[in-house]
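One structure is given below, encoded as C-alpha cells.
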Amino acid sequence: MADPLAARAKQLRNIEAKTGQTFAQLCALISSSGPAKVGEQRTILMQALGLSYGDANTLALMAQQATQAAPPADTDPLDAIYAGAKSALRPLHARLMAEIGKLGAFEIAPKKSYVSLRRKKQFAMLGPATKDQLELGLNSKALPPSPRLRTQPPASMCPYTVRLGQAAEIDAELLAWVRSAFDAAG
C-alpha cells in the first residue's frame, strides 16, 4: 500500500523542480497573488507557472495548510496543548520527555492536542487525557501485560496507552515500554 504522505512529498519535490522555486517561495507567490480561495489560487498557479490541475490544486492546498498550521515563530506549541486547567500537567510532561530524551535522537512533531515522537516512524504520542492525567500512546507490537497498559483497538494510532498522573509513575516499567517502542521505530 502506497504511503500518501510520501507520495505528497514526492509531488511537492517534483513541483519545486518544475518551477525552480522552493515551497516557501511558492507559498509567498500564492499569498501575494491575492485570492484566498483554493480554486482561484489553483487557476493562478496553472496560468503563471504552467502547472497541471492536480499539481496546482495540491500546491494551493498545501500552502493553505502550512499557513493555518504554522504558529508564530516565538510561540511554544506546548502553551496551547497545556492551556487552562491542563497547565498543571506540563511539568509531568517535561519530566517524561526528559527521560525519553535519554534514549537517543528523535523528532518531536506537535499536533493540536498532543506531541508525536518519531524516529523513522512514530513510536509514541504524549498529551493531556484529562485535566489530571497525561496519556502516553506507545507504538509497539507486543508489550508484556500490565494493569497499567490499555490495549487499543486494531486501527488505533498506537496499540497501547498508559495514563500518568504523577511523577512516581515514570518508573522502570514505563521506561522499558517506551524503550521497546523507541527501538522498534528505527
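Order determines the names: the first chain of the C-alpha cells is A, the second B, and so forth; residues in each chain are numbered 1 upward, and ligands are numbered 1 upward as they are shown.
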Per-residue DSSP, stretch 52-183 of chain A, filtered to strand (DSSP E or B), as number ranges by chain
A: 107-110, 115-118, 122-128, 134-138, 150-151, 160-164
Can I get the selected residues back with N, CA and C atoms, as a PDB file, in the first residue's frame?
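Saved to selection_20.pdb:
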ATOM      1  N   GLU A 107      12.464  12.954  16.683  1.00  0.00           N
ATOM      2  CA  GLU A 107      11.787  14.191  16.282  1.00  0.00           C
ATOM      3  C   GLU A 107      10.536  14.382  17.133  1.00  0.00           C
ATOM      4  N   ILE A 108      10.266  15.614  17.504  1.00  0.00           N
ATOM      5  CA  ILE A 108       9.035  15.959  18.212  1.00  0.00           C
ATOM      6  C   ILE A 108       8.158  16.735  17.238  1.00  0.00           C
ATOM      7  N   ALA A 109       7.000  16.188  16.932  1.00  0.00           N
ATOM      8  CA  ALA A 109       6.073  16.819  15.988  1.00  0.00           C
ATOM      9  C   ALA A 109       4.804  17.225  16.735  1.00  0.00           C
ATOM     10  N   PRO A 110       4.681  18.499  17.111  1.00  0.00           N
ATOM     11  CA  PRO A 110       3.487  18.942  17.828  1.00  0.00           C
ATOM     12  C   PRO A 110       2.242  18.854  16.943  1.00  0.00           C
ATOM     13  N   VAL A 115       1.809  15.702  21.316  1.00  0.00           N
ATOM     14  CA  VAL A 115       3.026  15.708  20.518  1.00  0.00           C
ATOM     15  C   VAL A 115       3.301  14.283  20.064  1.00  0.00           C
ATOM     16  N   SER A 116       3.711  14.170  18.818  1.00  0.00           N
ATOM     17  CA  SER A 116       4.098  12.895  18.242  1.00  0.00           C
ATOM     18  C   SER A 116       5.608  12.778  18.355  1.00  0.00           C
ATOM     19  N   LEU A 117       6.075  11.634  18.808  1.00  0.00           N
ATOM     20  CA  LEU A 117       7.502  11.380  18.947  1.00  0.00           C
ATOM     21  C   LEU A 117       7.885  10.366  17.878  1.00  0.00           C
ATOM     22  N   ARG A 118       8.843  10.755  17.011  1.00  0.00           N
ATOM     23  CA  ARG A 118       9.135   9.966  15.818  1.00  0.00           C
ATOM     24  C   ARG A 118      10.624   9.697  15.642  1.00  0.00           C
ATOM     25  N   GLN A 122       6.513   6.933  13.951  1.00  0.00           N
ATOM     26  CA  GLN A 122       6.075   7.349  15.278  1.00  0.00           C
ATOM     27  C   GLN A 122       6.266   6.198  16.260  1.00  0.00           C
ATOM     28  N   PHE A 123       6.858   6.491  17.405  1.00  0.00           N
ATOM     29  CA  PHE A 123       6.978   5.471  18.437  1.00  0.00           C
ATOM     30  C   PHE A 123       6.111   5.797  19.658  1.00  0.00           C
ATOM     31  N   ALA A 124       5.733   7.063  19.813  1.00  0.00           N
ATOM     32  CA  ALA A 124       4.889   7.429  20.950  1.00  0.00           C
ATOM     33  C   ALA A 124       4.176   8.739  20.662  1.00  0.00           C
ATOM     34  N   MET A 125       3.135   8.973  21.427  1.00  0.00           N
ATOM     35  CA  MET A 125       2.449  10.249  21.409  1.00  0.00           C
ATOM     36  C   MET A 125       2.121  10.598  22.851  1.00  0.00           C
ATOM     37  N   LEU A 126       2.202  11.884  23.168  1.00  0.00           N
ATOM     38  CA  LEU A 126       2.041  12.312  24.547  1.00  0.00           C
ATOM     39  C   LEU A 126       1.226  13.592  24.606  1.00  0.00           C
ATOM     40  N   GLY A 127       0.227  13.586  25.462  1.00  0.00           N
ATOM     41  CA  GLY A 127      -0.590  14.773  25.638  1.00  0.00           C
ATOM     42  C   GLY A 127      -1.565  14.580  26.780  1.00  0.00           C
ATOM     43  N   PRO A 128      -2.264  15.630  27.144  1.00  0.00           N
ATOM     44  CA  PRO A 128      -3.224  15.520  28.240  1.00  0.00           C
ATOM     45  C   PRO A 128      -4.437  14.680  27.845  1.00  0.00           C
ATOM     46  N   LEU A 134      -1.937  12.666  32.023  1.00  0.00           N
ATOM     47  CA  LEU A 134      -1.344  12.593  30.690  1.00  0.00           C
ATOM     48  C   LEU A 134      -1.689  11.242  30.104  1.00  0.00           C
ATOM     49  N   GLU A 135      -1.711  11.191  28.779  1.00  0.00           N
ATOM     50  CA  GLU A 135      -1.838   9.902  28.118  1.00  0.00           C
ATOM     51  C   GLU A 135      -0.627   9.717  27.223  1.00  0.00           C
ATOM     52  N   LEU A 136       0.046   8.594  27.396  1.00  0.00           N
ATOM     53  CA  LEU A 136       1.187   8.218  26.579  1.00  0.00           C
ATOM     54  C   LEU A 136       0.757   7.066  25.702  1.00  0.00           C
ATOM     55  N   GLY A 137       0.751   7.287  24.389  1.00  0.00           N
ATOM     56  CA  GLY A 137       0.466   6.221  23.448  1.00  0.00           C
ATOM     57  C   GLY A 137       1.770   5.583  23.024  1.00  0.00           C
ATOM     58  N   LEU A 138       1.810   4.268  22.966  1.00  0.00           N
ATOM     59  CA  LEU A 138       3.025   3.541  22.621  1.00  0.00           C
ATOM     60  C   LEU A 138       2.795   2.698  21.388  1.00  0.00           C
ATOM     61  N   ARG A 150      -3.303   0.010  28.596  1.00  0.00           N
ATOM     62  CA  ARG A 150      -4.616  -0.150  27.960  1.00  0.00           C
ATOM     63  C   ARG A 150      -4.377  -0.548  26.515  1.00  0.00           C
ATOM     64  N   THR A 151      -4.885  -1.697  26.119  1.00  0.00           N
ATOM     65  CA  THR A 151      -4.781  -2.138  24.736  1.00  0.00           C
ATOM     66  C   THR A 151      -5.843  -1.406  23.924  1.00  0.00           C
ATOM     67  N   TYR A 160      -1.075   0.680  22.321  1.00  0.00           N
ATOM     68  CA  TYR A 160      -1.174   0.747  23.777  1.00  0.00           C
ATOM     69  C   TYR A 160      -1.196   2.199  24.245  1.00  0.00           C
ATOM     70  N   THR A 161      -1.891   2.426  25.359  1.00  0.00           N
ATOM     71  CA  THR A 161      -1.818   3.713  26.036  1.00  0.00           C
ATOM     72  C   THR A 161      -1.649   3.460  27.525  1.00  0.00           C
ATOM     73  N   VAL A 162      -1.083   4.441  28.177  1.00  0.00           N
ATOM     74  CA  VAL A 162      -0.963   4.408  29.629  1.00  0.00           C
ATOM     75  C   VAL A 162      -1.229   5.826  30.133  1.00  0.00           C
ATOM     76  N   ARG A 163      -1.941   5.917  31.232  1.00  0.00           N
ATOM     77  CA  ARG A 163      -2.246   7.220  31.822  1.00  0.00           C
ATOM     78  C   ARG A 163      -1.306   7.481  32.992  1.00  0.00           C
ATOM     79  N   LEU A 164      -0.884   8.735  33.112  1.00  0.00           N
ATOM     80  CA  LEU A 164       0.037   9.147  34.174  1.00  0.00           C
ATOM     81  C   LEU A 164      -0.526  10.369  34.883  1.00  0.00           C
TER      82      LEU A 164
END
Could you name the residues that touch stretch 34-39 of chain A at 10 Å or less, counting only C-alpha atoms, but leaving out those on the same chain fewer than 3 positions away, as number ranges by chain?
A: 29-31, 42-45, 56-64
What residues in chain A get the DSSP label alpha helix (DSSP H)? Please answer as a PyMOL selection string.
chain A and resi 4-19+23-33+38-49+53-69+77-81+90-101+172-184
Would you list the contacts of A:Glu173 as a ChimeraX atom specification, taking every protein, DNA or RNA residue within 10 Å and counting only C-alpha atoms, but skipping same-chain residues closer than 4 positions in sequence?
/A:144,146,148,169,177-179
Suppose we keep N, CA and C atoms; can you now write the selection as a tab-separated table (two decimals), in the first residue's frame?
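The resulting file, result33.tsv, is shown below:
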chain	number	residue	atom	x	y	z
A	144	PRO	N	4.51	-6.58	27.42
A	144	PRO	CA	4.03	-7.53	28.43
A	144	PRO	C	2.77	-7.01	29.11
A	146	SER	N	0.08	-5.71	31.62
A	146	SER	CA	0.18	-4.94	32.86
A	146	SER	C	-1.16	-4.26	33.09
A	148	ARG	N	-1.56	-1.43	34.10
A	148	ARG	CA	-1.40	-0.02	33.72
A	148	ARG	C	-1.63	0.21	32.23
A	169	GLU	N	4.97	7.66	38.66
A	169	GLU	CA	4.55	6.67	37.66
A	169	GLU	C	5.53	6.57	36.49
A	177	TRP	N	8.80	0.10	28.45
A	177	TRP	CA	7.81	0.12	27.36
A	177	TRP	C	8.19	1.16	26.32
A	178	VAL	N	8.58	2.34	26.78
A	178	VAL	CA	8.99	3.40	25.86
A	178	VAL	C	10.22	2.96	25.06
A	179	ARG	N	11.18	2.33	25.71
A	179	ARG	CA	12.39	1.84	25.03
A	179	ARG	C	12.02	0.84	23.94
Would you pick out the contacts of A:Ala88 at 12 Å or less, using only C-alpha atoms, so that residues sharing its chain but fewer than 2 positions from it are not included, and give the list as a list in words?
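Counting only the stated atoms, we get Asp79, Ile81, Tyr82, Ala83, Gly84, Ala85, Lys86, Arg90, Pro91, Leu92, His93, Ala94, Pro128, Thr130, Lys131, Asp132, Gln133, Leu134, Gly165 and Gln166 of chain A.
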Using C-alpha atoms, can you write the selected residues to a file as a PDB file, in the first residue's frame?
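In the end it all went to selection32.pdb:
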ATOM      1  CA  ASP A  79       1.453  26.506  25.503  1.00  0.00           C
ATOM      2  CA  ILE A  81      -1.693  21.951  24.447  1.00  0.00           C
ATOM      3  CA  TYR A  82      -1.309  22.661  28.166  1.00  0.00           C
ATOM      4  CA  ALA A  83      -3.547  25.707  28.453  1.00  0.00           C
ATOM      5  CA  GLY A  84      -6.092  26.376  31.164  1.00  0.00           C
ATOM      6  CA  ALA A  85      -6.992  23.521  33.503  1.00  0.00           C
ATOM      7  CA  LYS A  86      -4.382  21.255  31.877  1.00  0.00           C
ATOM      8  CA  ARG A  90       3.100  20.457  31.903  1.00  0.00           C
ATOM      9  CA  PRO A  91       5.817  19.680  34.497  1.00  0.00           C
ATOM     10  CA  LEU A  92       4.878  15.980  34.295  1.00  0.00           C
ATOM     11  CA  HIS A  93       5.133  16.191  30.507  1.00  0.00           C
ATOM     12  CA  ALA A  94       8.589  17.802  30.824  1.00  0.00           C
ATOM     13  CA  PRO A 128      -3.224  15.520  28.240  1.00  0.00           C
ATOM     14  CA  THR A 130      -7.862  14.883  31.233  1.00  0.00           C
ATOM     15  CA  LYS A 131      -7.025  17.870  33.411  1.00  0.00           C
ATOM     16  CA  ASP A 132      -5.392  15.440  35.855  1.00  0.00           C
ATOM     17  CA  GLN A 133      -3.742  12.845  33.607  1.00  0.00           C
ATOM     18  CA  LEU A 134      -1.344  12.593  30.690  1.00  0.00           C
ATOM     19  CA  GLY A 165      -0.989  11.464  36.967  1.00  0.00           C
ATOM     20  CA  GLN A 166       2.218  11.860  38.951  1.00  0.00           C
TER      21      GLN A 166
END
For A:Ala168, the nearest of the candidates A:Leu103, A:Met46, A:Leu96, A:Leu5, counting only C-alpha atoms:
A:Leu96
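Across the model, the gap from atom CA of A:Leu49 to atom CA of A:Arg8 is 19.0 Å.
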Which of these residues is nearest to A:Gly54, using only C-alpha atoms: A:Asn139, A:Ser113, A:Ser156, A:Gln11?
A:Gln11
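Our summary of the geometry notes that atom CA of A:Asp55 is positioned 14.8 Å from atom CA of A:Pro4.
Distance-wise, atom CA of A:Ala9 and atom CA of A:Ala48 end up 22.1 Å apart.
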